[in-house]
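One structure below.
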Amino acid sequence: MKDGFAYVVERFADIQILRYKLHGFENLSLRQKLYIYYLSEAILWGRDITFDQMCWANLSVRKLLEAVYRFSVEKNIDTKESHALETYLKRVWFSNGIHHHYGGEKFIPEFSLEYIKGVIAQMIEEEVPGAREAEELMKGLEEVIFNPDVLPKRTNKTAGDDLVLTSACHFYQGVTQQQAEEYYASKKDKDDPMPPSWGLNSRLVEENGELHEVVWCEGGCYGEAISHIIHFLKLAAEVAENQQQREVIALLIEYYRTGDLRLFDSYSIKWVNCLEGDIDFINGFIEVYDDPLGIKATWEGIVEYIDKEATKRTQTISNNAQWFENHSPVDPRFRKKVVKGVTANVICAAMLAGEEYPASAIGINLPNADWIRAAHGSKSITISNLTEAYNETAKGSGLYEEFVIDQPTIDLINRYGNACDDLHTDLHECLGHGSGQLLPGTDPDALKAYGSTIEEARADLFALYYMADDKLVELGLLPDGEAYKAQYYSYLLNGLITQLRRIAPGQVIEEAHMRNRALIARWVLRHADGAVEMVKIGGKTFVKVNDYLRLREAFATLLAEVQRIKSEGDFSAARQLVEDYAIEVDAHLHQEVLERSDRLNLPAFKGFLNPKMSLVRAEDGEVVDVDVDYSETYTEQMLRYSRDYAGLN
C-alpha cells in the first residue's frame, strides 16, 4: 500500500492480481476524461475477439463455467471441487482462455467431470435459466476441458512439428503449415516498397479444396464486436483533443469496416505522426506472438495519457536516437543512415483490454511494419503506473535475498534497480525496436516462427549494450558509471535462473520474451570468457559476475550477430540460436528454483484489474464528470465484462 492505495487485489494459483492508479486523472479536463472514457469503452468491446482467437472453444468454456459458478454461489455450494472450479475459471479469465497466458500449455482442472455434471443436473432440476444450454455446452467440451491430449498447446513452436495443425489458436482452419506458408509467400511482391502485412487480420481456412481468408472486419468475422468498437470510436472522435486525433480515428474506423490492410498501413502512418495532445490509444490486431508462424495478430487495446514528468527521460533518449544508432556495434550496412520519427513517452494506462489484459506489457513500440518504421518512425511508450504497481508489490518479497549471490550485489540492485529497469525498458522500446534496417529485398517474415524471439533479443541487446555507456551518465539518465551493473546482474539472474519459476515442471520455454532472455543469458554464459558463471554455495545455485566490462563486449558481439540475422533474413542462423540457447530447461536447476520459490510463497505472475469508469450526470442529464472506481473485485469485473461486453454471441 502506498499513500493509502491498495495495489494487491487477490491471489489464486500462481497469479497475483493488482490495481493500477490513474495519477492525475482528476486534473484532466472534462473533454479529456470523456475522450478517455469512450476510447476505453471501445477497447472493452474487443475482449471476446481475443478469447476466440486464442482457441475456438474458449468462449463456450467461459460461458459454461460462469453459469456453473454463479449457480454455485447462489446455492452456497462450498466444497473442495467448487473452489477448484472457481480457481480454474479465474485462470481462464486471466489467460483469455484455457491455455496458460505465458507458457501456452492447457490448464488441467482439479475438479472432476462428475462434479460439474452434477451441478448442471441440479441446475436443470431447479429449472435455472440457461441450464439446458449449459448441458449442451458440456457435451461438446468434455474432452476439451478434461483430456490433456486435446488442444494441448495454444501456440506450438516445437521444431519439426506442423506448427499450425498442432496449435490450438484460432488463426487457421483445416490448413497445414506448408499450405499457410505457401499461401502467404505467393502474395508477396519483392518489388513493392510498401508491402501490407498479409494475413494480419484474417483466419485462413480451407473449403472445398480451396484456401481463402475470412477477414476480421465489420460485416465479416468478429463483425458484431467490431461494430461496437466503431460505435464508441465515433463517440470518442467527437470529444478528441484535436483534428489529428479525429483523422486517426476516422482511418481506423474505415479499416475496421473494410479490413483493407493498406488502409491499416495508412492508419498506422497517421497514428505514428499524431503527436498533438496528451491522450493516445492502441486498438486493433497488432502483435503476432500468438501465431506460430508470426503472421496473424491478436486483438489488443490500451488507452493512455502522458506522464509529463517521467516523459522527460524518454524524450532525452529519443532526441539522441541518431547518436545511439551511429555508435551501435553492428555492421554499418545494417544501421539506419537517418533515424526518423522516434517518439517516446512515459504514459499512465487508463484502460487495458484484449491481449494486454489482465497481463500487460510495460513497454510498447509500434507500428511493426519495417518499411513504416524506416520511412515514418515509431512511437514508444513506457507505462509508469503499471511499473509502479509492480515495484510497490515487490518490496520485501525476499526474492533478491534468496537468489542474489551476496549482500553487496543486493545493495547494488536496491540502490539502482528500479531506475535501471525503467531505463532498460525505455531503451528497448524507444531505440532497440526502432534501430537497424533490413537489407533491400529481405522478407520481413523470413525468420518465421523464430522472428519474435530474435526481434525481442535484438531490442534487449541494444538496451543492455548502452546501459554501460558513459553517454547515459552524460545525459543524466543514470547517476554514475556503476549503476548499469545492477541491470546486468538482474538481467542475467532472470534469464538463467529466476524466470524458470514461471515454467511448469516438464515444460520447455515457449514465450518469446522468456526465450529471448534465456538466449542472451545462456549465450553470454558460454561465450563471455568467464565474465559470468553459475556457482554453487550451500547447495544453492547463484549467478556470479566476474567482469562487467567483458559482459558488455559479449552483448555487443551478440547484438551484431542478431542484427545481421534480422537484416539478412538468415533463417538457419536464427533457428540455431533459438534452438541451442532459448528453449530447453535443465530439470535439476528447474526443480531447485521451484523449491526455493515455493518457500518464499511468491506468485510467478502478476496482472491487473482495470478501474471502473462511469459517467456522472447532473439532474438535467448533462455529463459533468467521469468517475473512477477502484473498489471492484476481480470476479465482479470479469463477470461484468462477460455480461456487458458480450461482443460475440
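In the C-alpha cells, chains take letters A, B, ... by order of appearance, with residues numbered from 1 within each chain and ligands from 1 in the order shown.
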
### Task
Enumerate, as JSON, numbers by chain, the complete set of residues in range 60-133 of chain A that a backbone-based DSSP assignment places in helix (DSSP H, G or I).
{"A": [60, 61, 62, 63, 64, 65, 66, 67, 68, 69, 70, 71, 72, 73, 74, 80, 81, 82, 83, 84, 85, 86, 87, 88, 89, 90, 91, 92, 93, 94, 95, 113, 114, 115, 116, 117, 118, 119, 120, 121, 122, 123, 124, 125, 131, 132, 133]}

Would you output that residue set with N, CA and C atoms, as a CSV table (one decimal), in the first residue's frame?
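For reference, part_15.csv as written:
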```
chain,number,residue,atom,x,y,z
A,60,SER,N,-17.1,-20.7,-25.3
A,60,SER,CA,-18.0,-21.7,-24.8
A,60,SER,C,-17.6,-22.2,-23.4
A,61,VAL,N,-16.3,-22.4,-23.2
A,61,VAL,CA,-15.8,-22.8,-21.9
A,61,VAL,C,-16.1,-21.8,-20.8
A,62,ARG,N,-15.9,-20.5,-21.2
A,62,ARG,CA,-16.1,-19.4,-20.3
A,62,ARG,C,-17.6,-19.3,-19.9
A,63,LYS,N,-18.4,-19.4,-20.9
A,63,LYS,CA,-19.9,-19.3,-20.7
A,63,LYS,C,-20.4,-20.4,-19.8
A,64,LEU,N,-19.9,-21.6,-20.0
A,64,LEU,CA,-20.3,-22.8,-19.2
A,64,LEU,C,-19.8,-22.6,-17.8
A,65,LEU,N,-18.6,-22.3,-17.6
A,65,LEU,CA,-18.0,-22.2,-16.2
A,65,LEU,C,-18.7,-21.0,-15.5
A,66,GLU,N,-19.0,-19.9,-16.1
A,66,GLU,CA,-19.6,-18.8,-15.4
A,66,GLU,C,-21.0,-19.2,-15.0
A,67,ALA,N,-21.7,-19.9,-15.8
A,67,ALA,CA,-23.1,-20.3,-15.4
A,67,ALA,C,-23.0,-21.2,-14.2
A,68,VAL,N,-22.1,-22.2,-14.2
A,68,VAL,CA,-22.0,-23.1,-13.1
A,68,VAL,C,-21.5,-22.4,-11.8
A,69,TYR,N,-20.6,-21.4,-12.0
A,69,TYR,CA,-20.1,-20.7,-10.9
A,69,TYR,C,-21.2,-19.8,-10.2
A,70,ARG,N,-21.9,-19.1,-11.0
A,70,ARG,CA,-23.0,-18.3,-10.5
A,70,ARG,C,-24.0,-19.1,-9.7
A,71,PHE,N,-24.4,-20.3,-10.2
A,71,PHE,CA,-25.3,-21.1,-9.5
A,71,PHE,C,-24.7,-21.6,-8.2
A,72,SER,N,-23.4,-22.0,-8.2
A,72,SER,CA,-22.8,-22.5,-7.0
A,72,SER,C,-22.8,-21.4,-5.9
A,73,VAL,N,-22.5,-20.2,-6.3
A,73,VAL,CA,-22.5,-19.1,-5.3
A,73,VAL,C,-23.9,-18.9,-4.8
A,74,GLU,N,-24.9,-18.9,-5.7
A,74,GLU,CA,-26.3,-18.7,-5.3
A,74,GLU,C,-26.7,-19.7,-4.3
A,80,LYS,N,-14.4,-28.6,-1.9
A,80,LYS,CA,-13.1,-28.6,-2.5
A,80,LYS,C,-13.2,-28.5,-4.0
A,81,GLU,N,-14.1,-29.2,-4.6
A,81,GLU,CA,-14.3,-29.1,-6.0
A,81,GLU,C,-14.9,-27.8,-6.5
A,82,SER,N,-15.8,-27.2,-5.7
A,82,SER,CA,-16.3,-25.9,-6.1
A,82,SER,C,-15.2,-24.8,-6.1
A,83,HIS,N,-14.3,-24.9,-5.1
A,83,HIS,CA,-13.2,-24.0,-5.1
A,83,HIS,C,-12.3,-24.2,-6.2
A,84,ALA,N,-12.1,-25.5,-6.6
A,84,ALA,CA,-11.2,-25.8,-7.7
A,84,ALA,C,-11.8,-25.3,-9.0
A,85,LEU,N,-13.1,-25.4,-9.2
A,85,LEU,CA,-13.8,-24.8,-10.4
A,85,LEU,C,-13.6,-23.3,-10.4
A,86,GLU,N,-13.7,-22.7,-9.3
A,86,GLU,CA,-13.6,-21.2,-9.2
A,86,GLU,C,-12.2,-20.8,-9.6
A,87,THR,N,-11.2,-21.5,-9.1
A,87,THR,CA,-9.8,-21.2,-9.5
A,87,THR,C,-9.5,-21.4,-11.0
A,88,TYR,N,-10.1,-22.5,-11.5
A,88,TYR,CA,-10.0,-22.8,-13.0
A,88,TYR,C,-10.6,-21.7,-13.8
A,89,LEU,N,-11.8,-21.2,-13.4
A,89,LEU,CA,-12.4,-20.1,-14.1
A,89,LEU,C,-11.6,-18.8,-14.0
A,90,LYS,N,-11.0,-18.5,-12.9
A,90,LYS,CA,-10.2,-17.4,-12.7
A,90,LYS,C,-9.0,-17.4,-13.6
A,91,ARG,N,-8.4,-18.6,-13.8
A,91,ARG,CA,-7.3,-18.8,-14.7
A,91,ARG,C,-7.7,-18.6,-16.1
A,92,VAL,N,-8.9,-19.1,-16.5
A,92,VAL,CA,-9.4,-18.9,-17.8
A,92,VAL,C,-9.6,-17.4,-18.1
A,93,TRP,N,-10.2,-16.7,-17.1
A,93,TRP,CA,-10.3,-15.2,-17.3
A,93,TRP,C,-9.0,-14.5,-17.5
A,94,PHE,N,-8.0,-14.9,-16.7
A,94,PHE,CA,-6.7,-14.3,-16.7
A,94,PHE,C,-6.0,-14.5,-18.0
A,95,SER,N,-6.1,-15.7,-18.6
A,95,SER,CA,-5.4,-16.1,-19.8
A,95,SER,C,-6.2,-15.9,-21.1
A,113,LEU,N,-15.1,-34.3,-13.8
A,113,LEU,CA,-16.2,-34.2,-14.8
A,113,LEU,C,-17.6,-34.6,-14.1
A,114,GLU,N,-17.5,-35.5,-13.1
A,114,GLU,CA,-18.7,-35.9,-12.4
A,114,GLU,C,-19.3,-34.7,-11.6
A,115,TYR,N,-18.3,-33.9,-11.0
A,115,TYR,CA,-18.8,-32.8,-10.2
A,115,TYR,C,-19.5,-31.8,-11.0
A,116,ILE,N,-18.9,-31.3,-12.2
A,116,ILE,CA,-19.6,-30.3,-12.9
A,116,ILE,C,-20.9,-30.8,-13.6
A,117,LYS,N,-20.9,-32.1,-13.9
A,117,LYS,CA,-22.2,-32.6,-14.5
A,117,LYS,C,-23.2,-32.6,-13.4
A,118,GLY,N,-22.8,-32.9,-12.2
A,118,GLY,CA,-23.7,-33.0,-11.0
A,118,GLY,C,-24.3,-31.6,-10.8
A,119,VAL,N,-23.5,-30.6,-10.8
A,119,VAL,CA,-24.1,-29.2,-10.6
A,119,VAL,C,-25.0,-28.8,-11.8
A,120,ILE,N,-24.7,-29.2,-13.0
A,120,ILE,CA,-25.5,-28.9,-14.1
A,120,ILE,C,-26.9,-29.6,-14.0
A,121,ALA,N,-26.8,-30.9,-13.5
A,121,ALA,CA,-28.0,-31.6,-13.3
A,121,ALA,C,-28.9,-30.9,-12.3
A,122,GLN,N,-28.3,-30.4,-11.2
A,122,GLN,CA,-29.1,-29.7,-10.2
A,122,GLN,C,-29.7,-28.4,-10.8
A,123,MET,N,-28.9,-27.7,-11.7
A,123,MET,CA,-29.5,-26.5,-12.3
A,123,MET,C,-30.7,-26.9,-13.1
A,124,ILE,N,-30.6,-28.0,-13.9
A,124,ILE,CA,-31.8,-28.5,-14.7
A,124,ILE,C,-32.9,-28.8,-13.8
A,125,GLU,N,-32.7,-29.5,-12.7
A,125,GLU,CA,-33.7,-29.9,-11.8
A,125,GLU,C,-34.5,-28.7,-11.2
A,131,ALA,N,-29.8,-23.5,-18.0
A,131,ALA,CA,-29.3,-24.8,-17.6
A,131,ALA,C,-29.2,-25.8,-18.7
A,132,ARG,N,-30.2,-25.8,-19.6
A,132,ARG,CA,-30.2,-26.7,-20.7
A,132,ARG,C,-29.0,-26.4,-21.7
A,133,GLU,N,-28.8,-25.1,-21.8
A,133,GLU,CA,-27.7,-24.6,-22.7
A,133,GLU,C,-26.4,-25.1,-22.1
```

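Summary of the local environment: counting only C-alpha atoms, residues at most 12 Å from Thr176 in chain A, other than itself and those fewer than 5 positions away along its chain, are Asp161, Asp162, Leu163, Val164, Leu165, Thr166, Ser167, Phe171, Glu181, Glu182, Tyr183, Leu204, Val205, Glu206, Leu211, Pro292 and Leu293 of chain A.
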
Contact residues around Lys157 in chain A with only C-alpha atoms at 12 Å, ignoring same-chain residues under 2 positions, as a PDB file with C-alpha atoms, in the first residue's frame:
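Result file is part-v3.pdb:
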```pdb
ATOM      1  CA  GLY A 103       3.630 -20.938 -21.408  1.00  0.00           C
ATOM      2  CA  GLY A 104       0.676 -21.786 -23.635  1.00  0.00           C
ATOM      3  CA  GLU A 105       0.062 -25.217 -22.084  1.00  0.00           C
ATOM      4  CA  LYS A 153      -0.834 -26.132 -26.653  1.00  0.00           C
ATOM      5  CA  ARG A 154      -2.185 -22.764 -27.659  1.00  0.00           C
ATOM      6  CA  THR A 155       0.872 -21.968 -29.797  1.00  0.00           C
ATOM      7  CA  ALA A 159      10.805 -27.619 -34.415  1.00  0.00           C
ATOM      8  CA  GLY A 160       9.789 -30.474 -36.702  1.00  0.00           C
ATOM      9  CA  ASP A 161       6.077 -30.341 -35.840  1.00  0.00           C
ATOM     10  CA  ASP A 162       3.426 -28.935 -38.131  1.00  0.00           C
ATOM     11  CA  LEU A 163       3.076 -25.752 -36.087  1.00  0.00           C
ATOM     12  CA  VAL A 164      -0.336 -24.903 -37.478  1.00  0.00           C
ATOM     13  CA  LEU A 165      -2.016 -28.276 -37.040  1.00  0.00           C
ATOM     14  CA  THR A 166      -0.621 -28.735 -33.526  1.00  0.00           C
ATOM     15  CA  SER A 167      -1.583 -25.273 -32.233  1.00  0.00           C
ATOM     16  CA  ALA A 168      -4.964 -24.584 -30.638  1.00  0.00           C
ATOM     17  CA  GLN A 177       1.782 -25.144 -42.027  1.00  0.00           C
ATOM     18  CA  TYR A 289       3.342 -13.604 -30.914  1.00  0.00           C
ATOM     19  CA  ASP A 290       0.369 -15.966 -30.574  1.00  0.00           C
ATOM     20  CA  ASP A 291       0.532 -17.196 -34.169  1.00  0.00           C
ATOM     21  CA  PRO A 292       3.141 -19.977 -34.520  1.00  0.00           C
ATOM     22  CA  LEU A 293       4.014 -18.580 -37.956  1.00  0.00           C
ATOM     23  CA  GLY A 294       4.218 -14.977 -36.752  1.00  0.00           C
ATOM     24  CA  LYS A 448       9.171 -17.301 -39.464  1.00  0.00           C
ATOM     25  CA  ALA A 449       8.499 -18.914 -36.090  1.00  0.00           C
ATOM     26  CA  TYR A 450      11.791 -17.585 -34.695  1.00  0.00           C
ATOM     27  CA  GLY A 451      11.157 -13.972 -35.701  1.00  0.00           C
ATOM     28  CA  SER A 452       9.526 -12.775 -32.484  1.00  0.00           C
ATOM     29  CA  THR A 453      12.284 -14.163 -30.262  1.00  0.00           C
ATOM     30  CA  VAL A 508      10.199 -26.050 -22.105  1.00  0.00           C
ATOM     31  CA  ILE A 509      10.422 -22.284 -22.594  1.00  0.00           C
ATOM     32  CA  GLU A 510       7.726 -21.201 -25.052  1.00  0.00           C
ATOM     33  CA  GLU A 511       7.003 -17.483 -24.685  1.00  0.00           C
ATOM     34  CA  ALA A 512       9.043 -15.205 -26.984  1.00  0.00           C
ATOM     35  CA  ARG A 515      13.101 -17.291 -24.875  1.00  0.00           C
ATOM     36  CA  ARG A 575      16.823 -21.272 -35.777  1.00  0.00           C
ATOM     37  CA  VAL A 578      16.954 -20.133 -30.575  1.00  0.00           C
ATOM     38  CA  GLU A 579      17.105 -23.923 -30.561  1.00  0.00           C
ATOM     39  CA  ALA A 582      16.418 -20.417 -25.729  1.00  0.00           C
ATOM     40  CA  ILE A 583      14.197 -23.453 -25.275  1.00  0.00           C
TER      41      ILE A 583
END
```

### Message
I'd like the neighbourhood of Thr498 in chain A as a ChimeraX atom specification, where a residue qualifies if any of its atoms comes within 12 Å (using only C-alpha atoms), though same-chain residues fewer than 5 positions away should be ignored.
### Response
/A:399-400,402-404,489-493,503,514,517-518,521,541-543,589-597,602,604

For the residues in that selection, give me C-alpha atoms as a PDB file, in the first residue's frame.
```pdb
ATOM      1  CA  LEU A 399      13.399 -12.725  -3.947  1.00  0.00           C
ATOM      2  CA  TYR A 400      16.754 -10.956  -4.004  1.00  0.00           C
ATOM      3  CA  GLU A 402      17.097 -15.840  -1.853  1.00  0.00           C
ATOM      4  CA  PHE A 403      18.604 -15.671  -5.336  1.00  0.00           C
ATOM      5  CA  VAL A 404      21.232 -12.885  -5.421  1.00  0.00           C
ATOM      6  CA  TYR A 489      23.253  -8.749 -12.852  1.00  0.00           C
ATOM      7  CA  SER A 490      19.462  -8.790 -12.513  1.00  0.00           C
ATOM      8  CA  TYR A 491      19.017  -9.471 -16.248  1.00  0.00           C
ATOM      9  CA  LEU A 492      21.357 -12.479 -16.193  1.00  0.00           C
ATOM     10  CA  LEU A 493      19.822 -13.726 -12.949  1.00  0.00           C
ATOM     11  CA  ILE A 503       7.553 -22.671 -16.128  1.00  0.00           C
ATOM     12  CA  MET A 514      11.309 -15.580 -21.998  1.00  0.00           C
ATOM     13  CA  ARG A 517      16.125 -13.608 -22.133  1.00  0.00           C
ATOM     14  CA  ALA A 518      17.282 -17.206 -21.933  1.00  0.00           C
ATOM     15  CA  ALA A 521      21.920 -15.051 -20.789  1.00  0.00           C
ATOM     16  CA  THR A 541      22.869 -22.149  -7.488  1.00  0.00           C
ATOM     17  CA  PHE A 542      23.813 -18.492  -7.967  1.00  0.00           C
ATOM     18  CA  VAL A 543      24.914 -16.213 -10.781  1.00  0.00           C
ATOM     19  CA  LEU A 589      18.103 -26.479 -11.819  1.00  0.00           C
ATOM     20  CA  HIS A 590      14.406 -26.036 -12.559  1.00  0.00           C
ATOM     21  CA  GLN A 591      13.408 -28.183  -9.602  1.00  0.00           C
ATOM     22  CA  GLU A 592      15.777 -26.267  -7.340  1.00  0.00           C
ATOM     23  CA  VAL A 593      14.368 -22.909  -8.438  1.00  0.00           C
ATOM     24  CA  LEU A 594      10.780 -24.068  -7.921  1.00  0.00           C
ATOM     25  CA  GLU A 595      11.553 -25.337  -4.424  1.00  0.00           C
ATOM     26  CA  ARG A 596      13.316 -22.119  -3.430  1.00  0.00           C
ATOM     27  CA  SER A 597      10.446 -20.028  -4.848  1.00  0.00           C
ATOM     28  CA  LEU A 602       5.800 -15.739  -4.342  1.00  0.00           C
ATOM     29  CA  ALA A 604       5.025 -16.351 -10.560  1.00  0.00           C
TER      30      ALA A 604
END
```

### Task
For Lys188 in chain A, work out the shell of residues within 12 Å, counting only C-alpha atoms and skipping chain neighbours fewer than 6 positions away, then give it as a list of chain:residue names.
A:Glu181, A:Glu182, A:Met194, A:Pro195, A:Pro196, A:Ser197, A:Trp198, A:Gly199, A:Gly441, A:Thr442, A:Asp443, A:Pro444, A:Asp445, A:Ala446

Given only C-alpha atoms, how would the per-residue table for range 234-333 of chain A near range 26-35 of chain A read, listing every residue at most 7 Å away with its closest atom pair and distance in Å to one decimal, sorted by chain and number, as JSON lines?
```
{"residue": "A:Ala236", "atom": "CA", "partner": "A:Tyr35", "partner_atom": "CA", "distance": 5.2}
{"residue": "A:Val239", "atom": "CA", "partner": "A:Tyr35", "partner_atom": "CA", "distance": 5.5}
{"residue": "A:Ala240", "atom": "CA", "partner": "A:Tyr35", "partner_atom": "CA", "distance": 5.8}
{"residue": "A:Glu241", "atom": "CA", "partner": "A:Gln32", "partner_atom": "CA", "distance": 6.9}
```

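Reported to one decimal place, the separation of CA of Leu352 in chain A from CA of Gln53 in chain A is 17.5 Å.
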
### Message
I'd like to know which residues of range 500-623 of chain A are strand (DSSP E or B) (by DSSP, run on the backbone); could you write them as a ChimeraX atom specification?
### Response
/A:532-537,540-545,605-609,612-617,623

Give me a file of those residues, with C-alpha atoms, as a compact mmCIF listing (two decimals), in the first residue's frame.
```txt
# COMPACT_ATOMS: atom_id res chain seq x y z
CA VAL A 532 29.81 -14.69 -15.73
CA GLU A 533 29.42 -18.14 -14.23
CA MET A 534 26.98 -20.31 -12.29
CA VAL A 535 28.27 -21.30 -8.86
CA LYS A 536 27.03 -23.48 -6.01
CA ILE A 537 27.02 -22.04 -2.50
CA LYS A 540 22.15 -23.42 -3.98
CA THR A 541 22.87 -22.15 -7.49
CA PHE A 542 23.81 -18.49 -7.97
CA VAL A 543 24.91 -16.21 -10.78
CA LYS A 544 28.38 -14.74 -10.25
CA VAL A 545 29.63 -11.89 -12.41
CA PHE A 605 2.80 -13.94 -12.49
CA LYS A 606 1.03 -10.66 -11.93
CA GLY A 607 -1.77 -8.99 -13.80
CA PHE A 608 -4.07 -6.02 -13.48
CA LEU A 609 -7.63 -5.12 -12.68
CA LYS A 612 -14.33 1.07 -13.40
CA MET A 613 -15.31 4.23 -15.23
CA SER A 614 -18.80 5.71 -15.28
CA LEU A 615 -20.36 8.95 -16.45
CA VAL A 616 -21.55 11.38 -13.79
CA ARG A 617 -24.64 13.33 -14.80
CA VAL A 623 -22.48 14.74 -18.23
```

### Message
At a cut-off of 9 Å, using only C-alpha atoms, what residues contact range 6-13 of chain A? Leave out same-chain residues fewer than 3 positions from it and give the result as a list in words.
### Response
Met1, Lys2, Asp3, Gln16, Ile17, Leu18, Arg19, Tyr20, Lys21, Thr87, Tyr88, Lys90, Arg91, Ala389, Tyr390, Glu392, Thr393, Pro603, Phe608, Leu609, Thr633 and Tyr634 of chain A

Selection file, N, CA, C and O atoms, as an mmCIF file, in the first residue's frame:
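As written to disk, part.cif reads:
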```cif
data_model
loop_
_atom_site.group_PDB
_atom_site.id
_atom_site.type_symbol
_atom_site.label_atom_id
_atom_site.label_comp_id
_atom_site.auth_asym_id
_atom_site.auth_seq_id
_atom_site.Cartn_x
_atom_site.Cartn_y
_atom_site.Cartn_z
ATOM 1 N N MET A 1 0.845 -1.191 0.000
ATOM 2 C CA MET A 1 0.000 0.000 0.000
ATOM 3 C C MET A 1 0.883 1.246 0.000
ATOM 4 O O MET A 1 1.884 1.307 0.687
ATOM 5 N N LYS A 2 0.523 2.235 -0.826
ATOM 6 C CA LYS A 2 1.254 3.485 -0.900
ATOM 7 C C LYS A 2 0.248 4.623 -0.908
ATOM 8 O O LYS A 2 -0.672 4.640 -1.730
ATOM 9 N N ASP A 3 0.423 5.576 0.015
ATOM 10 C CA ASP A 3 -0.496 6.714 0.122
ATOM 11 C C ASP A 3 -1.948 6.254 0.232
ATOM 12 O O ASP A 3 -2.857 6.858 -0.360
ATOM 13 N N GLN A 16 -1.015 -13.176 -9.029
ATOM 14 C CA GLN A 16 -1.429 -12.092 -8.142
ATOM 15 C C GLN A 16 -2.084 -11.005 -8.988
ATOM 16 O O GLN A 16 -1.532 -10.567 -10.006
ATOM 17 N N ILE A 17 -3.259 -10.553 -8.566
ATOM 18 C CA ILE A 17 -3.987 -9.501 -9.263
ATOM 19 C C ILE A 17 -3.731 -8.173 -8.566
ATOM 20 O O ILE A 17 -3.897 -8.054 -7.347
ATOM 21 N N LEU A 18 -3.345 -7.165 -9.343
ATOM 22 C CA LEU A 18 -3.019 -5.846 -8.826
ATOM 23 C C LEU A 18 -3.958 -4.787 -9.410
ATOM 24 O O LEU A 18 -4.563 -4.991 -10.460
ATOM 25 N N ARG A 19 -4.046 -3.676 -8.697
ATOM 26 C CA ARG A 19 -4.675 -2.486 -9.247
ATOM 27 C C ARG A 19 -3.586 -1.517 -9.702
ATOM 28 O O ARG A 19 -2.468 -1.559 -9.216
ATOM 29 N N TYR A 20 -3.939 -0.647 -10.640
ATOM 30 C CA TYR A 20 -3.055 0.453 -11.005
ATOM 31 C C TYR A 20 -3.833 1.759 -10.843
ATOM 32 O O TYR A 20 -5.045 1.798 -11.014
ATOM 33 N N LYS A 21 -3.120 2.808 -10.481
ATOM 34 C CA LYS A 21 -3.756 4.082 -10.146
ATOM 35 C C LYS A 21 -3.646 5.065 -11.298
ATOM 36 O O LYS A 21 -2.599 5.171 -11.939
ATOM 37 N N THR A 87 -11.157 -21.527 -9.135
ATOM 38 C CA THR A 87 -9.774 -21.226 -9.500
ATOM 39 C C THR A 87 -9.544 -21.436 -10.992
ATOM 40 O O THR A 87 -8.889 -20.622 -11.666
ATOM 41 N N TYR A 88 -10.091 -22.520 -11.529
ATOM 42 C CA TYR A 88 -9.954 -22.802 -12.962
ATOM 43 C C TYR A 88 -10.576 -21.671 -13.781
ATOM 44 O O TYR A 88 -9.982 -21.185 -14.758
ATOM 45 N N LYS A 90 -11.028 -18.548 -12.852
ATOM 46 C CA LYS A 90 -10.204 -17.352 -12.711
ATOM 47 C C LYS A 90 -8.975 -17.425 -13.616
ATOM 48 O O LYS A 90 -8.535 -16.406 -14.167
ATOM 49 N N ARG A 91 -8.430 -18.616 -13.776
ATOM 50 C CA ARG A 91 -7.286 -18.774 -14.671
ATOM 51 C C ARG A 91 -7.708 -18.581 -16.131
ATOM 52 O O ARG A 91 -6.968 -17.993 -16.927
ATOM 53 N N ALA A 389 3.057 -0.231 -9.783
ATOM 54 C CA ALA A 389 2.360 -1.304 -9.069
ATOM 55 C C ALA A 389 3.262 -2.515 -8.888
ATOM 56 O O ALA A 389 3.289 -3.134 -7.814
ATOM 57 N N TYR A 390 4.003 -2.867 -9.926
ATOM 58 C CA TYR A 390 4.955 -3.977 -9.816
ATOM 59 C C TYR A 390 5.992 -3.701 -8.727
ATOM 60 O O TYR A 390 6.275 -4.550 -7.879
ATOM 61 N N GLU A 392 5.962 -1.574 -6.178
ATOM 62 C CA GLU A 392 5.428 -1.467 -4.821
ATOM 63 C C GLU A 392 5.132 -2.842 -4.230
ATOM 64 O O GLU A 392 5.358 -3.077 -3.038
ATOM 65 N N THR A 393 4.630 -3.753 -5.040
ATOM 66 C CA THR A 393 4.273 -5.080 -4.522
ATOM 67 C C THR A 393 5.462 -6.025 -4.452
ATOM 68 O O THR A 393 5.360 -7.104 -3.862
ATOM 69 N N PRO A 603 4.092 -15.235 -6.014
ATOM 70 C CA PRO A 603 3.372 -15.512 -7.258
ATOM 71 C C PRO A 603 4.331 -15.447 -8.440
ATOM 72 O O PRO A 603 5.205 -14.566 -8.497
ATOM 73 N N PHE A 608 -3.417 -7.232 -13.956
ATOM 74 C CA PHE A 608 -4.067 -6.020 -13.481
ATOM 75 C C PHE A 608 -5.579 -6.046 -13.623
ATOM 76 O O PHE A 608 -6.135 -6.614 -14.566
ATOM 77 N N LEU A 609 -6.201 -5.384 -12.655
ATOM 78 C CA LEU A 609 -7.629 -5.122 -12.675
ATOM 79 C C LEU A 609 -7.816 -3.697 -13.173
ATOM 80 O O LEU A 609 -7.097 -2.782 -12.741
ATOM 81 N N THR A 633 -14.055 -6.030 -7.378
ATOM 82 C CA THR A 633 -13.216 -7.213 -7.216
ATOM 83 C C THR A 633 -12.924 -7.833 -8.574
ATOM 84 O O THR A 633 -13.563 -7.516 -9.578
ATOM 85 N N TYR A 634 -11.955 -8.739 -8.586
ATOM 86 C CA TYR A 634 -11.588 -9.442 -9.822
ATOM 87 C C TYR A 634 -12.788 -10.184 -10.396
ATOM 88 O O TYR A 634 -13.110 -10.056 -11.588
#
```

### Query
If you count only C-alpha atoms, which residues fall within 10 Å of His231 in chain A, apart from same-chain ones fewer than 6 positions away, as a list in words?
Tyr38, Glu41, Ala42 and Ile253 of chain A

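Of note, CA of Ser397 in chain A and CA of Arg599 in chain A are spaced 11.3 Å apart.
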
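The smallest atom-to-atom distance between Thr158 in chain A and any of A:Cys420, A:Gln507, A:Ile36, A:Trp45, using only C-alpha atoms, is found for A:Gln507.
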
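Computed from the coordinates, the CA of Phe555 in chain A to CA of Ile497 in chain A distance equals 18.6 Å.
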